[in-house]
Amino acid sequence: MPRRLLPQQYIDGILSGDRLILSRAITLTESRLPSDQEIAAEILQAVLPHTGFSLRVGITGVPGVGKSTFIEAFGSQITAQGKKLAVLAIDPTSQRSGGSILGDKTRMDNLSRDPLAYVRPSPTGNSLGGVTASTRQAILLCEAAGHELVLVETVGVGQSETAVRNMTDFFLLLMLAGAGDELQGIKRGIMEMADAILINKADGENTAAAKRAQADYRNALHLFPPAASGWTPEVMPCSALTGTGLPEAWQMLERYRQLTQQNGFFTRNRQDQNLSWMHETIRRELEDSFYGNPRIRQLLPDLQRAVRSGGLSSLQAARQLLDRWRKE
Ligand code: GDP
């Protein structure tokens with residue numbers, strides 16, 4: 001197959017649910033080549049009327065909490081209802097080290113083979129901003145290909161949670177019973193973003209501890225100010241291994257969708273997300289254009305030295321560089 005198809009071939013392929021073509025279109029969104037980005041933008045614009053109808057759910061939790069086991073079990077429950085599911089991932093560790101926390105190991109074996117599921121690993125080799133941008137596009141492309149539920153998974157260790165929160169409708173935090181919040185590396189800010197906390201591994205000897213943790217986290221969540229969505233965050237035990245609590249988790253998502261569609265938050269939140277995506281894109285592209293400019297790259301080291309030595313104020317240096325860039 002040629003490396004690139006014609007834009008119309010991508011568009012037709014995506015709309016007919018062709019997974020190979022969907023994959024190739026997502027690869028275009030991950031490319032740094034301006035020509036690829038342009039085609040990706042054209043495809044996105046064309047399929048836009050077919051996007052927006054899915055429920056977008058962000059999932060986070062520290063490594064080992066059971067994210068992939070949960071997604072595999074929960075996702076299979078969704079596809080068993082005949083619904084199409086997409087699983088995307090944002091793994092900032094894969095950018096830094098080449099290795100990744102979410103893992104290069106084959107995860108979600110069953111889902112990967114399920115014709116109703118589309119599993120896509122985290123894009124690599126880009127900044128978090130770049131990864132966020134391509135994942136946002138991937139969500140829309142998956143929707144155009146008919147996926148009704150889009151799960152975006154990330155690790156609970158960094159800034160990627162905020163990025164995922166800002167591109168999804170519902171934010172799910174997986175936690176464990178019996179380990180303190182600090183031990184689990186979950187920052188208060190992440191708990192505050194959560195629409196639900198699922199206490200995973202609530203099975204066997206762990207069942208009672210999970211019940212206690214449920215009460216503790218409920219109390220903790222009550223201390224946070226009420227959310228703009230009108231939704232009160234829920235805490236539930238579940239077991240990704242035995243499947244306990246998974247149907248309840250799905251019912252909860254349905255309740256959330258119903259409530260926020262009725263009170264108008266669902267649509268308003270997406271409109272806000274779209275606008276903030278526009279501004280983020282502008283900021284990112286301005287920055288790329290500035291720092292990627294050959295003249296600026298040439299001038300920067302001298303000016304940095306001058307600022308460091310105190311010979312030039314930061315403000316003055318920034319102004320000089322920006323003036324120069326505007327003249328380019
Ligand atoms: P991730 O790093 O968050 O994706 O975690 P994994 O899904 O890879 O799970 C880490 C380990 O916990 C694996 O050995 C799983 O089998 C185990 N695990 C996941 N969910 C459960 C659960 O609900 N109950 C029990 N007992 N073990 C689980």
# chains A, B, ... in the order shown; residues from 1 in each chain; ligands from 1
$ residues_near_ligand --ligand "ligand 1" --cutoff "9 Å" --atoms "only C-alpha atoms and all ligand atoms" --output "VMD selection string"
chain A and resid 60 to 72 101 to 103 107 to 108 155 174 199 to 204 206 238 to 244
$ write_last_selection --atoms "N, CA and C atoms" --output "short mmCIF file (atom, residue, chain, number, x, y, z; two decimals), in the first residue's frame"
data_model
loop_
_atom_site.label_atom_id
_atom_site.label_comp_id
_atom_site.auth_asym_id
_atom_site.auth_seq_id
_atom_site.Cartn_x
_atom_site.Cartn_y
_atom_site.Cartn_z
N THR A 60 -7.30 6.99 35.03
CA THR A 60 -5.93 7.10 35.53
C THR A 60 -5.76 6.28 36.81
N GLY A 61 -4.54 6.16 37.26
CA GLY A 61 -4.21 5.37 38.45
C GLY A 61 -2.76 4.96 38.33
N VAL A 62 -2.13 4.76 39.47
CA VAL A 62 -0.69 4.46 39.43
C VAL A 62 -0.43 3.09 38.79
N PRO A 63 0.79 2.88 38.32
CA PRO A 63 1.13 1.58 37.73
C PRO A 63 0.83 0.46 38.73
N GLY A 64 0.22 -0.59 38.25
CA GLY A 64 -0.07 -1.74 39.12
C GLY A 64 -1.46 -1.72 39.74
N VAL A 65 -2.17 -0.59 39.62
CA VAL A 65 -3.50 -0.50 40.22
C VAL A 65 -4.50 -1.39 39.48
N GLY A 66 -4.18 -1.68 38.23
CA GLY A 66 -5.05 -2.57 37.47
C GLY A 66 -5.74 -1.92 36.28
N LYS A 67 -5.15 -0.86 35.76
CA LYS A 67 -5.80 -0.14 34.65
C LYS A 67 -6.04 -1.03 33.44
N SER A 68 -4.99 -1.73 33.02
CA SER A 68 -5.19 -2.51 31.79
C SER A 68 -6.13 -3.69 32.03
N THR A 69 -6.05 -4.29 33.21
CA THR A 69 -6.98 -5.38 33.53
C THR A 69 -8.42 -4.84 33.55
N PHE A 70 -8.58 -3.66 34.15
CA PHE A 70 -9.91 -3.05 34.22
C PHE A 70 -10.44 -2.74 32.82
N ILE A 71 -9.60 -2.12 32.01
CA ILE A 71 -10.07 -1.73 30.67
C ILE A 71 -10.42 -2.97 29.85
N GLU A 72 -9.62 -3.99 30.01
CA GLU A 72 -9.89 -5.24 29.29
C GLU A 72 -11.26 -5.81 29.70
N ILE A 101 5.64 3.48 31.13
CA ILE A 101 4.96 2.87 32.28
C ILE A 101 3.76 2.06 31.82
N LEU A 102 3.03 2.62 30.84
CA LEU A 102 1.85 1.88 30.38
C LEU A 102 2.28 0.59 29.67
N GLY A 103 3.53 0.58 29.24
CA GLY A 103 4.08 -0.72 28.86
C GLY A 103 4.04 -1.02 27.38
N ARG A 107 -0.67 -5.47 25.98
CA ARG A 107 -1.68 -5.30 27.00
C ARG A 107 -3.04 -5.52 26.34
N MET A 108 -3.98 -5.87 27.13
CA MET A 108 -5.36 -5.98 26.66
C MET A 108 -5.47 -6.91 25.45
N VAL A 155 -1.17 7.38 33.06
CA VAL A 155 -0.63 6.99 34.37
C VAL A 155 -0.81 8.11 35.37
N LEU A 174 -8.66 5.11 39.40
CA LEU A 174 -8.58 3.79 40.03
C LEU A 174 -7.62 3.86 41.21
N ILE A 199 -12.36 1.67 43.74
CA ILE A 199 -11.36 0.97 44.55
C ILE A 199 -11.22 -0.42 43.95
N ASN A 200 -10.14 -0.62 43.21
CA ASN A 200 -9.98 -1.88 42.48
C ASN A 200 -9.40 -2.98 43.38
N LYS A 201 -9.44 -4.17 42.89
CA LYS A 201 -8.97 -5.37 43.60
C LYS A 201 -9.81 -5.65 44.85
N ALA A 202 -11.09 -5.25 44.79
CA ALA A 202 -12.00 -5.55 45.89
C ALA A 202 -12.46 -6.99 45.74
N ASP A 203 -11.54 -7.91 45.98
CA ASP A 203 -11.88 -9.33 45.89
C ASP A 203 -11.13 -10.09 46.97
N GLY A 204 -11.53 -11.31 47.24
CA GLY A 204 -10.86 -12.14 48.24
C GLY A 204 -10.72 -11.42 49.58
N ASN A 206 -9.30 -8.88 50.28
CA ASN A 206 -9.25 -7.42 50.15
C ASN A 206 -10.63 -6.76 50.21
N CYS A 238 -14.56 -2.27 43.14
CA CYS A 238 -14.75 -3.14 41.98
C CYS A 238 -13.59 -4.13 41.92
N SER A 239 -13.76 -5.13 41.12
CA SER A 239 -12.66 -6.05 40.87
C SER A 239 -12.56 -6.28 39.37
N ALA A 240 -11.46 -5.83 38.82
CA ALA A 240 -11.25 -6.03 37.39
C ALA A 240 -11.04 -7.51 37.09
N LEU A 241 -10.59 -8.21 38.14
CA LEU A 241 -10.27 -9.63 37.96
C LEU A 241 -11.53 -10.49 37.92
N THR A 242 -12.47 -10.25 38.87
CA THR A 242 -13.68 -11.07 38.92
C THR A 242 -14.86 -10.42 38.19
N GLY A 243 -14.74 -9.13 37.90
CA GLY A 243 -15.82 -8.44 37.21
C GLY A 243 -16.83 -7.80 38.15
N THR A 244 -16.65 -7.98 39.46
CA THR A 244 -17.58 -7.36 40.42
C THR A 244 -17.52 -5.83 40.29
#
$ closest_residue --among "A:Gly82, A:Pro301, A:Pro7, A:Gly58" --to "A:Ala46" --atoms "only C-alpha atoms"
A:Pro7
$ residues_around --residues "A:Val164" --least-positions-apart "3" --cutoff "10 Å" --atoms "only C-alpha atoms" --output "ChimeraX atom specification"
/A:56-60,89-90,132,135-136,152-154,159-161,167-171
$ residues_around --residues "A:Arg120" --least-positions-apart "3" --cutoff "12 Å" --atoms "only C-alpha atoms" --output "PyMOL selection string"
chain A and resi 19-20+22-24+26-27+85-91+102+104+106-108+111-112+117+123-124+134-135+138-139+142+150-153
$ write_last_selection --atoms "N, CA, C and O atoms" --output "short mmCIF file (atom, residue, chain, number, x, y, z; two decimals), in the first residue's frame"
data_model
loop_
_atom_site.label_atom_id
_atom_site.label_comp_id
_atom_site.auth_asym_id
_atom_site.auth_seq_id
_atom_site.Cartn_x
_atom_site.Cartn_y
_atom_site.Cartn_z
N ARG A 19 -10.63 -0.20 10.16
CA ARG A 19 -9.69 0.06 11.25
C ARG A 19 -8.27 0.35 10.78
O ARG A 19 -7.55 1.11 11.40
N LEU A 20 -7.90 -0.28 9.68
CA LEU A 20 -6.55 -0.07 9.16
C LEU A 20 -6.41 1.40 8.72
O LEU A 20 -5.41 2.06 9.01
N LEU A 22 -8.30 3.88 9.73
CA LEU A 22 -8.38 4.71 10.94
C LEU A 22 -6.98 4.82 11.57
O LEU A 22 -6.52 5.91 11.92
N SER A 23 -6.29 3.69 11.68
CA SER A 23 -4.94 3.68 12.24
C SER A 23 -4.00 4.58 11.47
O SER A 23 -3.21 5.32 12.04
N ARG A 24 -4.10 4.47 10.16
CA ARG A 24 -3.18 5.28 9.34
C ARG A 24 -3.49 6.76 9.44
O ARG A 24 -2.61 7.60 9.39
N ILE A 26 -4.70 8.16 12.16
CA ILE A 26 -4.18 8.58 13.48
C ILE A 26 -2.67 8.78 13.39
O ILE A 26 -2.12 9.71 13.98
N THR A 27 -2.00 7.91 12.63
CA THR A 27 -0.56 8.08 12.45
C THR A 27 -0.24 9.45 11.82
O THR A 27 0.74 10.09 12.19
N LEU A 85 -15.91 0.21 20.92
CA LEU A 85 -15.10 0.85 21.94
C LEU A 85 -13.72 1.20 21.36
O LEU A 85 -13.16 0.43 20.60
N ALA A 86 -13.20 2.37 21.74
CA ALA A 86 -11.82 2.71 21.39
C ALA A 86 -11.04 2.97 22.66
O ALA A 86 -11.55 3.59 23.59
N VAL A 87 -9.83 2.48 22.72
CA VAL A 87 -8.95 2.72 23.87
C VAL A 87 -7.71 3.44 23.39
O VAL A 87 -6.95 2.92 22.57
N LEU A 88 -7.52 4.66 23.87
CA LEU A 88 -6.34 5.45 23.52
C LEU A 88 -5.51 5.62 24.78
O LEU A 88 -6.03 5.48 25.89
N ALA A 89 -4.25 5.93 24.63
CA ALA A 89 -3.41 6.08 25.83
C ALA A 89 -2.51 7.30 25.70
O ALA A 89 -2.12 7.68 24.59
N ILE A 90 -2.25 7.91 26.84
CA ILE A 90 -1.27 8.99 26.89
C ILE A 90 -0.26 8.62 27.95
O ILE A 90 -0.60 8.51 29.13
N ASP A 91 0.96 8.37 27.52
CA ASP A 91 1.98 7.91 28.44
C ASP A 91 3.18 8.84 28.34
O ASP A 91 4.00 8.68 27.43
N LEU A 102 3.03 2.62 30.84
CA LEU A 102 1.85 1.88 30.38
C LEU A 102 2.28 0.59 29.67
O LEU A 102 1.50 -0.33 29.52
N ASP A 104 5.13 -1.57 26.91
CA ASP A 104 5.19 -1.99 25.52
C ASP A 104 4.73 -3.43 25.43
O ASP A 104 4.44 -3.94 24.37
N THR A 106 2.41 -6.57 25.49
CA THR A 106 1.10 -6.62 24.87
C THR A 106 0.06 -6.54 25.98
O THR A 106 0.00 -7.40 26.86
N ARG A 107 -0.67 -5.47 25.98
CA ARG A 107 -1.68 -5.30 27.00
C ARG A 107 -3.04 -5.52 26.34
O ARG A 107 -3.19 -5.36 25.16
N MET A 108 -3.98 -5.87 27.13
CA MET A 108 -5.36 -5.98 26.66
C MET A 108 -5.47 -6.91 25.45
O MET A 108 -5.99 -6.54 24.41
N LEU A 111 -9.11 -7.57 24.14
CA LEU A 111 -9.69 -6.41 23.45
C LEU A 111 -9.01 -6.19 22.11
O LEU A 111 -9.66 -5.84 21.13
N SER A 112 -7.69 -6.38 22.09
CA SER A 112 -6.95 -6.16 20.84
C SER A 112 -7.46 -7.06 19.72
O SER A 112 -7.36 -6.73 18.55
N ALA A 117 -13.51 -3.58 19.19
CA ALA A 117 -12.62 -2.70 19.98
C ALA A 117 -11.44 -2.24 19.13
O ALA A 117 -10.93 -2.99 18.30
N PRO A 123 1.05 7.69 21.58
CA PRO A 123 2.02 8.17 20.59
C PRO A 123 3.34 8.46 21.30
O PRO A 123 3.36 8.82 22.47
N THR A 124 4.43 8.30 20.60
CA THR A 124 5.74 8.51 21.23
C THR A 124 6.52 9.59 20.48
O THR A 124 6.14 10.01 19.40
N SER A 134 -2.42 15.09 19.30
CA SER A 134 -2.79 13.99 18.41
C SER A 134 -3.87 13.12 19.05
O SER A 134 -4.73 12.60 18.35
N THR A 135 -3.85 12.99 20.38
CA THR A 135 -4.90 12.17 21.01
C THR A 135 -6.27 12.83 20.86
O THR A 135 -7.27 12.15 20.64
N ALA A 138 -7.34 11.95 17.57
CA ALA A 138 -7.67 10.52 17.50
C ALA A 138 -9.06 10.25 18.06
O ALA A 138 -9.80 9.42 17.53
N ILE A 139 -9.44 10.95 19.13
CA ILE A 139 -10.78 10.76 19.71
C ILE A 139 -11.83 11.03 18.63
O ILE A 139 -12.75 10.23 18.41
N CYS A 142 -11.88 8.37 15.91
CA CYS A 142 -12.52 7.13 16.40
C CYS A 142 -14.04 7.29 16.43
O CYS A 142 -14.78 6.36 16.09
N VAL A 150 -15.15 6.03 24.17
CA VAL A 150 -13.71 6.22 23.98
C VAL A 150 -13.07 6.32 25.36
O VAL A 150 -13.41 7.20 26.15
N LEU A 151 -12.18 5.39 25.65
CA LEU A 151 -11.44 5.43 26.92
C LEU A 151 -10.06 6.00 26.65
O LEU A 151 -9.38 5.56 25.72
N VAL A 152 -9.67 7.00 27.45
CA VAL A 152 -8.32 7.54 27.32
C VAL A 152 -7.58 7.25 28.62
O VAL A 152 -7.94 7.78 29.67
N GLU A 153 -6.57 6.41 28.52
CA GLU A 153 -5.86 5.95 29.72
C GLU A 153 -4.58 6.74 29.91
O GLU A 153 -3.87 7.06 28.96
#
$ select_by_dssp --residues "stretch 14-245 of chain A" --states "helix (DSSP H, G or I)" --output "VMD selection string"
chain A and resid 14 to 15 19 to 30 34 to 50 67 to 80 93 to 97 109 to 113 128 to 144 160 to 165 188 to 193 204 to 222
$ closest_residue --among "A:Gln320, A:Ser289, A:Gln137, A:Gln271" --to "A:Leu48" --atoms "only C-alpha atoms"
A:Gln137
$ closest_residue --among "A:Gln304, A:Ser122, A:Gln8, A:Ser54" --to "A:Ala40" --atoms "only C-alpha atoms"
A:Gln8
$ closest_residue --among "A:Met252, A:Leu246, A:Leu5, A:Ala208" --to "A:Asp195" --atoms "only C-alpha atoms"
A:Met252
$ select_by_dssp --residues "stretch 171-236 of chain A" --states "strand (DSSP E)" --output "ChimeraX atom specification"
/A:171-176,196-200,234-236
$ write_last_selection --atoms "N, CA and C atoms" --output "PDB file, in the first residue's frame"
ATOM      1  N   PHE A 171     -14.016  11.606  34.320  1.00  0.00           N
ATOM      2  CA  PHE A 171     -12.650  11.244  34.719  1.00  0.00           C
ATOM      3  C   PHE A 171     -12.686  10.236  35.854  1.00  0.00           C
ATOM      4  N   LEU A 172     -12.136   9.072  35.572  1.00  0.00           N
ATOM      5  CA  LEU A 172     -12.215   7.940  36.488  1.00  0.00           C
ATOM      6  C   LEU A 172     -10.842   7.677  37.096  1.00  0.00           C
ATOM      7  N   LEU A 173     -10.821   7.606  38.435  1.00  0.00           N
ATOM      8  CA  LEU A 173      -9.551   7.344  39.117  1.00  0.00           C
ATOM      9  C   LEU A 173      -9.610   5.957  39.750  1.00  0.00           C
ATOM     10  N   LEU A 174      -8.657   5.111  39.399  1.00  0.00           N
ATOM     11  CA  LEU A 174      -8.584   3.787  40.026  1.00  0.00           C
ATOM     12  C   LEU A 174      -7.624   3.858  41.207  1.00  0.00           C
ATOM     13  N   MET A 175      -8.059   3.302  42.329  1.00  0.00           N
ATOM     14  CA  MET A 175      -7.195   3.298  43.506  1.00  0.00           C
ATOM     15  C   MET A 175      -7.240   1.928  44.172  1.00  0.00           C
ATOM     16  N   LEU A 176      -6.409   1.774  45.189  1.00  0.00           N
ATOM     17  CA  LEU A 176      -6.375   0.510  45.921  1.00  0.00           C
ATOM     18  C   LEU A 176      -6.730   0.768  47.365  1.00  0.00           C
ATOM     19  N   ALA A 196     -15.260   9.955  39.596  1.00  0.00           N
ATOM     20  CA  ALA A 196     -15.490   8.739  40.377  1.00  0.00           C
ATOM     21  C   ALA A 196     -14.169   8.124  40.760  1.00  0.00           C
ATOM     22  N   ILE A 197     -14.162   7.505  41.937  1.00  0.00           N
ATOM     23  CA  ILE A 197     -13.007   6.710  42.347  1.00  0.00           C
ATOM     24  C   ILE A 197     -13.477   5.268  42.427  1.00  0.00           C
ATOM     25  N   LEU A 198     -12.788   4.396  41.706  1.00  0.00           N
ATOM     26  CA  LEU A 198     -13.086   2.975  41.831  1.00  0.00           C
ATOM     27  C   LEU A 198     -11.966   2.345  42.646  1.00  0.00           C
ATOM     28  N   ILE A 199     -12.357   1.672  43.739  1.00  0.00           N
ATOM     29  CA  ILE A 199     -11.357   0.974  44.545  1.00  0.00           C
ATOM     30  C   ILE A 199     -11.225  -0.416  43.947  1.00  0.00           C
ATOM     31  N   ASN A 200     -10.141  -0.617  43.211  1.00  0.00           N
ATOM     32  CA  ASN A 200      -9.980  -1.879  42.476  1.00  0.00           C
ATOM     33  C   ASN A 200      -9.404  -2.977  43.384  1.00  0.00           C
ATOM     34  N   GLU A 234     -18.627   9.792  42.783  1.00  0.00           N
ATOM     35  CA  GLU A 234     -18.983   8.546  43.464  1.00  0.00           C
ATOM     36  C   GLU A 234     -17.745   7.715  43.757  1.00  0.00           C
ATOM     37  N   VAL A 235     -17.838   6.910  44.798  1.00  0.00           N
ATOM     38  CA  VAL A 235     -16.752   5.994  45.144  1.00  0.00           C
ATOM     39  C   VAL A 235     -17.345   4.589  45.198  1.00  0.00           C
ATOM     40  N   MET A 236     -16.754   3.685  44.435  1.00  0.00           N
ATOM     41  CA  MET A 236     -17.291   2.320  44.409  1.00  0.00           C
ATOM     42  C   MET A 236     -16.155   1.303  44.420  1.00  0.00           C
TER      43      MET A 236
END
$ atom_distance --atom1 "atom CA of A:Gln77" --atom2 "atom CA of A:Leu55"
15.4 Å
$ residues_around --residues "A:Gly52" --least-positions-apart "4" --cutoff "9 Å" --atoms "only C-alpha atoms" --output "list of chain:residue names"
A:Leu48, A:Leu140, A:Glu143, A:Ala144, A:Arg270
$ write_last_selection --atoms "N, CA and C atoms" --output "PDB file, in the first residue's frame"
ATOM      1  N   LEU A  48     -15.929  15.860  10.741  1.00  0.00           N
ATOM      2  CA  LEU A  48     -16.445  16.546  11.932  1.00  0.00           C
ATOM      3  C   LEU A  48     -17.945  16.335  12.186  1.00  0.00           C
ATOM      4  N   LEU A 140     -11.665  12.146  17.933  1.00  0.00           N
ATOM      5  CA  LEU A 140     -12.663  12.518  16.923  1.00  0.00           C
ATOM      6  C   LEU A 140     -12.686  11.514  15.766  1.00  0.00           C
ATOM      7  N   GLU A 143     -14.507   8.449  16.837  1.00  0.00           N
ATOM      8  CA  GLU A 143     -15.959   8.683  16.844  1.00  0.00           C
ATOM      9  C   GLU A 143     -16.526   8.600  15.430  1.00  0.00           C
ATOM     10  N   ALA A 144     -15.801   9.205  14.490  1.00  0.00           N
ATOM     11  CA  ALA A 144     -16.277   9.175  13.099  1.00  0.00           C
ATOM     12  C   ALA A 144     -16.321   7.740  12.586  1.00  0.00           C
ATOM     13  N   ARG A 270     -17.973  20.474  26.498  1.00  0.00           N
ATOM     14  CA  ARG A 270     -17.303  20.163  25.236  1.00  0.00           C
ATOM     15  C   ARG A 270     -17.012  21.426  24.434  1.00  0.00           C
TER      16      ARG A 270
END
$ closest_residue --among "A:Pro237, A:Met278, A:Ser229, A:Asn219" --to "A:Tyr256" --atoms "only C-alpha atoms"
A:Ser229
